[in-house]
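Peer 1: Structure file run-v9.csv (CSV, C-alpha atoms) is given on the next line.
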```
chain,number,residue,atom,x,y,z
A,1,MET,CA,58.0,-48.2,52.8
A,2,ILE,CA,54.4,-49.1,52.3
A,3,VAL,CA,52.9,-51.6,54.8
A,4,PRO,CA,49.5,-53.0,53.7
A,5,GLU,CA,46.8,-53.3,56.5
A,6,ARG,CA,46.0,-57.0,55.8
A,7,SER,CA,49.3,-58.3,54.6
A,8,ALA,CA,52.7,-58.7,56.3
A,9,LYS,CA,54.5,-58.0,53.1
A,10,VAL,CA,56.1,-54.7,53.1
A,11,ARG,CA,56.8,-52.9,49.9
A,12,ARG,CA,59.8,-50.6,49.5
A,13,TYR,CA,60.3,-47.8,47.1
A,14,ARG,CA,63.3,-45.6,46.7
A,15,ILE,CA,62.9,-42.0,45.6
A,16,SER,CA,66.0,-40.1,44.6
A,17,TYR,CA,66.6,-36.6,45.9
A,18,ARG,CA,66.6,-35.3,42.3
A,19,ARG,CA,63.0,-36.6,41.8
A,20,VAL,CA,61.8,-35.1,45.0
A,21,LYS,CA,63.3,-31.8,44.0
A,22,SER,CA,61.7,-32.1,40.5
A,23,MET,CA,58.3,-32.8,42.2
A,24,VAL,CA,58.6,-29.8,44.5
A,25,VAL,CA,59.6,-27.5,41.6
A,26,GLY,CA,56.7,-28.9,39.5
A,27,LEU,CA,54.3,-28.3,42.3
A,28,GLY,CA,55.5,-24.7,42.6
A,29,LEU,CA,55.1,-24.1,38.9
A,30,LEU,CA,51.5,-25.5,39.1
A,31,LEU,CA,50.7,-23.2,42.0
A,32,GLY,CA,52.2,-20.2,40.2
A,33,LEU,CA,50.3,-21.0,37.0
A,34,GLY,CA,47.1,-21.4,39.0
A,35,ALA,CA,47.6,-18.0,40.6
A,36,TYR,CA,48.3,-16.4,37.3
A,37,LEU,CA,45.2,-17.9,35.7
A,38,GLY,CA,43.1,-16.8,38.7
A,39,VAL,CA,44.3,-13.2,38.5
A,40,SER,CA,43.9,-13.2,34.6
A,41,TYR,CA,40.3,-14.5,35.0
A,42,LEU,CA,39.5,-11.8,37.5
A,43,TYR,CA,41.0,-9.1,35.1
A,44,ILE,CA,39.0,-10.5,32.2
A,45,VAL,CA,35.8,-10.5,34.2
A,46,ASP,CA,36.4,-6.9,35.2
A,47,ALA,CA,37.3,-5.9,31.7
A,48,ALA,CA,34.1,-7.6,30.4
A,49,GLY,CA,32.0,-5.6,32.8
A,50,THR,CA,33.7,-2.4,31.7
A,51,ASN,CA,33.2,-3.3,28.0
A,52,ARG,CA,29.5,-4.0,28.7
A,53,VAL,CA,29.1,-0.6,30.2
A,54,LEU,CA,30.9,1.1,27.3
A,55,LYS,CA,28.8,-0.9,24.8
A,56,ASP,CA,25.6,0.2,26.5
A,57,GLU,CA,26.7,3.8,26.5
A,58,ASN,CA,27.7,3.4,22.8
A,59,ASN,CA,24.3,2.0,21.9
A,60,GLN,CA,22.6,4.9,23.8
A,61,LEU,CA,24.8,7.4,21.8
A,62,LYS,CA,23.9,5.7,18.6
A,63,ALA,CA,20.2,5.9,19.4
A,64,SER,CA,20.5,9.5,20.4
A,65,LEU,CA,22.4,10.3,17.1
A,66,ARG,CA,19.7,8.5,15.1
A,67,ILE,CA,16.9,10.5,16.8
A,68,GLN,CA,18.9,13.7,16.1
A,69,LYS,CA,19.4,12.7,12.5
A,70,GLU,CA,15.7,11.9,12.1
A,71,GLU,CA,14.7,15.2,13.6
A,72,VAL,CA,17.0,17.1,11.3
A,73,GLU,CA,15.7,15.2,8.3
A,74,ARG,CA,12.1,16.0,9.4
A,75,ILE,CA,12.9,19.7,9.7
A,76,ASN,CA,14.7,19.7,6.3
A,77,ALA,CA,11.7,17.9,4.7
A,78,THR,CA,9.3,20.5,6.1
A,79,MET,CA,11.5,23.4,5.0
A,80,GLN,CA,11.8,21.8,1.6
A,81,ARG,CA,8.1,21.5,1.2
A,82,ILE,CA,7.7,25.1,2.1
A,83,HIS,CA,10.5,26.0,-0.3
A,84,GLN,CA,8.8,24.1,-3.1
A,85,PHE,CA,5.5,25.7,-2.4
A,86,ALA,CA,7.1,29.2,-2.4
A,87,SER,CA,9.0,28.4,-5.6
A,88,LYS,CA,5.8,27.3,-7.3
A,89,VAL,CA,4.1,30.5,-6.3
A,90,ARG,CA,7.1,32.5,-7.5
A,91,THR,CA,6.9,30.6,-10.8
A,92,ILE,CA,3.3,31.4,-11.5
A,93,THR,CA,3.9,35.0,-10.6
A,94,ARG,CA,7.0,35.1,-12.8
A,95,LEU,CA,9.0,37.0,-10.2
A,96,ASN,CA,12.7,37.0,-10.9
A,97,ASP,CA,14.3,34.0,-9.3
A,98,PRO,CA,18.1,33.4,-9.6
A,99,GLU,CA,17.7,29.7,-8.9
A,100,ARG,CA,15.6,29.1,-12.0
A,101,ASN,CA,17.4,29.0,-15.3
A,102,LEU,CA,14.3,30.3,-17.1
A,103,ALA,CA,14.2,34.0,-18.0
A,104,ILE,CA,10.7,35.0,-19.0
A,105,GLY,CA,10.7,38.6,-17.8
A,106,PRO,CA,8.5,40.5,-15.4
A,107,LEU,CA,4.8,41.2,-16.0
A,108,SER,CA,3.5,44.5,-17.2
A,109,ASP,CA,1.3,46.5,-14.9
A,110,GLU,CA,-1.6,46.3,-17.3
A,111,PRO,CA,-3.0,43.5,-19.4
A,112,MET,CA,-1.8,43.6,-23.0
A,113,PRO,CA,-4.3,45.4,-25.1
A,114,GLY,CA,-5.9,43.6,-28.0
A,115,MET,CA,-4.3,40.3,-27.2
A,116,ARG,CA,-7.2,38.0,-28.0
A,117,GLY,CA,-5.6,35.5,-30.5
A,118,VAL,CA,-4.3,32.1,-29.5
A,119,MET,CA,-0.6,32.6,-29.0
A,120,TYR,CA,2.1,30.1,-30.0
A,121,ALA,CA,5.9,30.0,-30.0
A,122,LYS,CA,7.6,31.3,-33.1
A,123,ASP,CA,7.3,28.9,-36.1
A,124,GLU,CA,5.3,26.4,-33.9
A,125,ARG,CA,2.5,24.3,-35.5
A,126,ILE,CA,0.1,21.7,-34.0
A,127,ASP,CA,0.5,18.9,-36.6
A,128,TYR,CA,2.4,15.8,-35.4
A,129,GLU,CA,5.0,16.1,-38.1
A,130,ASP,CA,6.1,19.4,-36.6
A,131,GLU,CA,6.2,18.2,-33.0
A,132,LEU,CA,9.7,16.8,-33.4
A,133,ALA,CA,10.9,20.3,-34.3
A,134,ASP,CA,9.1,21.7,-31.3
A,135,SER,CA,11.0,19.4,-29.0
A,136,LYS,CA,13.6,22.1,-28.6
A,137,LEU,CA,11.0,23.8,-26.4
A,138,ALA,CA,11.7,21.3,-23.7
A,139,MET,CA,13.0,23.1,-20.6
A,140,ARG,CA,15.5,21.7,-18.1
A,141,LEU,CA,14.6,22.8,-14.6
A,142,ALA,CA,17.4,22.3,-12.1
A,143,GLN,CA,16.5,20.9,-8.7
A,144,SER,CA,17.4,23.2,-5.8
A,145,LYS,CA,19.8,21.7,-3.3
A,146,VAL,CA,18.7,21.4,0.3
A,147,GLU,CA,20.4,24.1,2.3
A,148,GLU,CA,20.8,24.6,6.1
A,149,ALA,CA,17.5,25.0,7.9
A,150,GLU,CA,18.4,28.4,9.4
A,151,ALA,CA,19.5,29.8,6.0
A,152,GLU,CA,16.5,28.3,4.3
A,153,ALA,CA,14.2,29.9,6.8
A,154,ARG,CA,15.6,33.3,6.0
A,155,VAL,CA,15.2,32.7,2.3
A,156,LEU,CA,11.6,31.6,2.7
A,157,GLU,CA,10.8,34.6,4.9
A,158,SER,CA,12.2,36.9,2.2
A,159,ASN,CA,10.3,35.0,-0.5
A,160,LEU,CA,7.0,35.1,1.3
A,161,ARG,CA,7.3,38.7,2.2
A,162,GLU,CA,8.0,39.5,-1.5
A,163,LEU,CA,5.0,37.4,-2.6
A,164,HIS,CA,2.8,39.2,-0.2
A,165,GLU,CA,3.9,42.6,-1.5
A,166,TYR,CA,3.5,41.4,-5.1
A,167,PHE,CA,-0.1,40.2,-4.7
A,168,ALA,CA,-1.0,43.1,-2.5
A,169,SER,CA,0.1,45.6,-5.2
A,170,ASP,CA,-2.5,44.3,-7.7
A,171,PRO,CA,-5.2,41.7,-6.7
A,172,ALA,CA,-6.2,41.3,-10.4
A,173,ILE,CA,-2.9,39.6,-11.1
A,174,LEU,CA,-3.7,36.9,-8.5
A,175,ALA,CA,-7.2,36.4,-9.9
A,176,SER,CA,-5.8,36.1,-13.4
A,177,THR,CA,-3.0,33.6,-12.6
A,178,PRO,CA,-3.8,29.9,-13.1
A,179,SER,CA,-3.4,28.2,-9.7
A,180,ILE,CA,-5.9,25.3,-9.3
A,181,ARG,CA,-6.3,21.8,-10.8
A,182,PRO,CA,-8.4,21.9,-13.9
A,183,ILE,CA,-10.2,18.7,-13.1
A,184,ALA,CA,-11.0,16.8,-9.9
A,185,SER,CA,-8.8,13.9,-10.9
A,186,LYS,CA,-5.3,13.9,-9.3
A,187,LEU,CA,-4.0,11.0,-11.5
A,188,LEU,CA,-1.5,12.1,-14.2
A,189,ASN,CA,-1.2,10.0,-17.3
A,190,SER,CA,1.7,12.1,-18.7
A,191,THR,CA,3.8,14.9,-17.4
A,192,PHE,CA,5.3,18.0,-19.1
A,193,GLY,CA,8.5,17.5,-21.2
A,194,MET,CA,10.0,15.0,-23.5
A,195,ARG,CA,8.2,11.7,-23.8
A,196,LYS,CA,7.6,8.7,-26.2
A,197,ASP,CA,4.7,9.3,-28.5
A,198,PRO,CA,2.1,6.6,-27.9
A,199,TYR,CA,1.4,6.3,-31.6
A,200,THR,CA,4.8,6.5,-33.2
A,201,GLY,CA,7.2,5.6,-30.4
A,202,GLN,CA,9.4,8.6,-31.2
A,203,ARG,CA,10.4,11.1,-28.5
A,204,VAL,CA,8.6,14.3,-28.8
A,205,MET,CA,7.8,17.4,-26.7
A,206,HIS,CA,4.7,17.0,-24.6
A,207,LYS,CA,3.5,20.6,-24.0
A,208,GLY,CA,1.2,20.1,-21.1
A,209,ILE,CA,0.0,17.4,-18.7
A,210,ASP,CA,-2.6,14.8,-19.0
A,211,PHE,CA,-5.2,14.0,-16.3
A,212,ALA,CA,-6.9,10.6,-16.3
A,213,ALA,CA,-10.7,11.2,-16.0
A,214,ASP,CA,-14.1,9.6,-16.4
A,215,HIS,CA,-16.0,10.6,-19.5
A,216,GLY,CA,-18.0,13.7,-18.9
A,217,SER,CA,-16.1,14.8,-15.8
A,218,ASP,CA,-16.3,18.6,-15.2
A,219,VAL,CA,-13.4,20.7,-16.4
A,220,PHE,CA,-12.7,24.0,-14.5
A,221,ALA,CA,-11.2,27.3,-15.5
A,222,THR,CA,-8.0,27.6,-13.5
A,223,ALA,CA,-8.2,31.5,-13.3
A,224,ASP,CA,-10.3,34.4,-14.3
A,225,GLY,CA,-10.3,35.2,-18.0
A,226,VAL,CA,-12.1,35.3,-21.4
A,227,VAL,CA,-12.7,32.3,-23.7
A,228,ILE,CA,-11.0,33.1,-27.0
A,229,PHE,CA,-11.3,29.7,-28.6
A,230,ALA,CA,-13.9,26.8,-28.4
A,231,GLY,CA,-13.8,24.3,-31.1
A,232,ASN,CA,-11.9,21.5,-32.8
A,233,ARG,CA,-8.1,22.0,-32.8
A,234,GLY,CA,-6.6,19.3,-34.9
A,235,LYS,CA,-5.2,16.3,-33.0
A,236,TYR,CA,-6.2,18.0,-29.7
A,237,GLY,CA,-9.8,17.5,-30.5
A,238,LYS,CA,-12.4,19.7,-28.9
A,239,THR,CA,-10.4,22.5,-27.1
A,240,ILE,CA,-11.1,25.6,-25.1
A,241,VAL,CA,-8.5,28.4,-24.8
A,242,ILE,CA,-8.8,31.0,-22.1
A,243,ASP,CA,-6.9,34.3,-22.2
A,244,HIS,CA,-6.1,35.5,-18.6
A,245,GLY,CA,-4.4,38.7,-19.6
A,246,TYR,CA,-0.8,39.6,-18.8
A,247,GLY,CA,0.4,37.2,-21.6
A,248,LEU,CA,-1.1,34.1,-19.9
A,249,GLN,CA,-3.3,31.6,-21.6
A,250,THR,CA,-4.6,28.1,-20.7
A,251,HIS,CA,-5.6,25.2,-23.1
A,252,TYR,CA,-8.1,22.4,-22.3
A,253,SER,CA,-8.2,19.7,-24.9
A,254,HIS,CA,-9.8,16.3,-25.8
A,255,LEU,CA,-13.1,17.6,-24.4
A,256,SER,CA,-16.4,15.8,-25.0
A,257,ALA,CA,-18.6,19.0,-24.6
A,258,PHE,CA,-18.4,22.7,-24.2
A,259,LYS,CA,-20.1,24.6,-21.4
A,260,VAL,CA,-18.9,28.1,-22.5
A,261,GLY,CA,-18.4,29.8,-25.8
A,262,VAL,CA,-16.1,32.4,-27.4
A,263,GLY,CA,-16.3,35.7,-25.7
A,264,ASP,CA,-17.6,34.4,-22.4
A,265,GLU,CA,-16.0,35.7,-19.2
A,266,VAL,CA,-15.2,32.9,-16.8
A,267,GLY,CA,-14.0,32.8,-13.2
A,268,ARG,CA,-11.6,30.5,-11.4
A,269,GLY,CA,-13.3,27.2,-10.6
A,270,GLN,CA,-16.2,27.7,-13.1
A,271,VAL,CA,-17.1,24.6,-15.1
A,272,ILE,CA,-16.2,25.2,-18.8
A,273,GLY,CA,-16.5,21.8,-20.4
A,274,ALA,CA,-16.5,18.0,-19.9
A,275,ALA,CA,-13.6,15.5,-20.3
A,276,GLY,CA,-13.6,13.3,-23.3
A,277,ASN,CA,-11.6,11.4,-25.9
A,278,THR,CA,-11.8,13.6,-29.0
A,279,GLY,CA,-8.9,14.2,-31.4
A,280,ARG,CA,-5.7,12.1,-31.4
A,281,SER,CA,-6.2,10.3,-28.0
A,282,THR,CA,-5.8,6.8,-26.6
A,283,GLY,CA,-8.4,7.2,-23.9
A,284,VAL,CA,-10.5,9.6,-21.9
A,285,HIS,CA,-8.4,12.3,-20.3
A,286,LEU,CA,-7.8,16.0,-20.1
A,287,HIS,CA,-4.8,17.6,-21.8
A,288,TYR,CA,-4.0,20.9,-20.0
A,289,GLU,CA,-1.5,23.5,-21.0
A,290,VAL,CA,-0.3,26.8,-19.5
A,291,ARG,CA,1.4,29.2,-21.9
A,292,PHE,CA,3.1,32.6,-21.3
A,293,MET,CA,3.5,34.6,-24.4
A,294,GLY,CA,2.8,31.5,-26.4
A,295,ILE,CA,5.6,29.5,-24.7
A,296,PRO,CA,4.5,26.3,-22.9
A,297,HIS,CA,5.3,26.1,-19.2
A,298,ASP,CA,5.1,23.2,-16.9
A,299,PRO,CA,1.4,23.3,-15.7
A,300,GLU,CA,2.2,21.4,-12.5
A,301,ARG,CA,4.0,24.6,-11.2
A,302,TYR,CA,0.6,26.4,-11.6
A,303,ILE,CA,-1.4,24.0,-9.4
A,304,LEU,CA,-1.4,25.0,-5.8
A,305,ASN,CA,-4.3,22.8,-4.6
```
So that I can check it, write out the structure of this file as structure tokens.
Peer 2:
Amino acid sequence: MIVPERSAKVRRYRISYRRVKSMVVGLGLLLGLGAYLGVSYLYIVDAAGTNRVLKDENNQLKASLRIQKEEVERINATMQRIHQFASKVRTITRLNDPERNLAIGPLSDEPMPGMRGVMYAKDERIDYEDELADSKLAMRLAQSKVEEAEAEARVLESNLRELHEYFASDPAILASTPSIRPIASKLLNSTFGMRKDPYTGQRVMHKGIDFAADHGSDVFATADGVVIFAGNRGKYGKTIVIDHGYGLQTHYSHLSAFKVGVGDEVGRGQVIGAAGNTGRSTGVHLHYEVRFMGIPHDPERYILN
């Protein structure tokens, strides 16, 4: 019964036992569900805290691994630079190297007597019409794969020891081996190998490298030797050829002026001419070749500075 405070009217309601029972059961279920949700919430909060810790640890591990990877890459890059330098020195000395698919043979102990003529490969000519045939002279040099740092260090140690013994055995070989840039410019217009001819658009063999230069820039001898040619050389224009002995010769083309003449002995770094645009040329530059027994080799491998 419900008795209002300001009214004499009494209201009566009848609630069955079944309804009371249902309400009690419903209240129990609500309490149970509330308890379950509370426990689940506490579990989720705890799990979230644990996940946060694991996530932080994972991020720290990732950062550590990244630092380790960068350190290994830095070491490998340093070792690779040393390896490339050692390979370049081995190339200019023509020491036997199993990693290079280029067999050019060891040097003789003495310069070849009477070798004062300009040497070319067999059946080679300098006219453009014959350059397409000369394209077979292009050499494919395989890139060395980066090895483990410890193994690479042992290889480098062996190489450098061999190089030291090689140069110590005959200082004249070192003085007669091209090893510097023939001009102050470091900008290459064209590299060694197959390329598209700027005049005809056909692919031909480029037997040297081209340095961009200002007109009249000094051109240097890249090693000790004797000038065996100084004059016009067809499409190469004004050219100087230096014989260094041991089968090595260097060519300097498209010059504007000569500073030496045939028969002059020159030393590494001596000014021998001036850059120009003579011959078959599209602009001022220096065309530089290194040849061993008349065969063109990539001059970049003979530039250590």
Peer 1: Determine the nearest neighbour of Ala86 of chain A from the options A:Ala274, A:Ile295, A:Val155, A:Val45, counting all atoms listed in the file.
Peer 2: A:Val155
Peer 1: At a cut-off of 12 Å around the point (-11.3, 28.7, -23.0) (file coordinates), what residues fall inside when counting all atoms listed in the file? I'd like the answer as a PyMOL selection string.
Peer 2: chain A and resi 116-118+182+219-231+238-244+248-253+255+258-268+270-273+288-290
Peer 1: Counting only C-alpha atoms, write as an mmCIF file with C-alpha atoms, in the frame of the given file all protein and nucleic acid residues lying at most 10 Å from (3.9, 24.9, -18.2) in the file's frame.
Peer 2:
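Writing done, so here's result-v6.cif:
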```cif
data_model
loop_
_atom_site.group_PDB
_atom_site.id
_atom_site.type_symbol
_atom_site.label_atom_id
_atom_site.label_comp_id
_atom_site.auth_asym_id
_atom_site.auth_seq_id
_atom_site.Cartn_x
_atom_site.Cartn_y
_atom_site.Cartn_z
ATOM 1 C CA THR A 91 6.900 30.600 -10.800
ATOM 2 C CA ILE A 92 3.300 31.400 -11.500
ATOM 3 C CA MET A 139 13.000 23.100 -20.600
ATOM 4 C CA PHE A 192 5.300 18.000 -19.100
ATOM 5 C CA GLY A 193 8.500 17.500 -21.200
ATOM 6 C CA LYS A 207 3.500 20.600 -24.000
ATOM 7 C CA GLY A 208 1.200 20.100 -21.100
ATOM 8 C CA ILE A 209 0.000 17.400 -18.700
ATOM 9 C CA THR A 250 -4.600 28.100 -20.700
ATOM 10 C CA TYR A 288 -4.000 20.900 -20.000
ATOM 11 C CA GLU A 289 -1.500 23.500 -21.000
ATOM 12 C CA VAL A 290 -0.300 26.800 -19.500
ATOM 13 C CA ARG A 291 1.400 29.200 -21.900
ATOM 14 C CA PHE A 292 3.100 32.600 -21.300
ATOM 15 C CA ILE A 295 5.600 29.500 -24.700
ATOM 16 C CA PRO A 296 4.500 26.300 -22.900
ATOM 17 C CA HIS A 297 5.300 26.100 -19.200
ATOM 18 C CA ASP A 298 5.100 23.200 -16.900
ATOM 19 C CA PRO A 299 1.400 23.300 -15.700
ATOM 20 C CA GLU A 300 2.200 21.400 -12.500
ATOM 21 C CA ARG A 301 4.000 24.600 -11.200
ATOM 22 C CA TYR A 302 0.600 26.400 -11.600
#
```
Peer 1: For a quick check of understanding, using all atoms listed in the file, which of A:Val24, A:Arg11, A:Gly279, A:Thr191 has the smallest distance to Gly234 of chain A?
Peer 2: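 Closest residue, counting all atoms listed in the file: A:Gly279.
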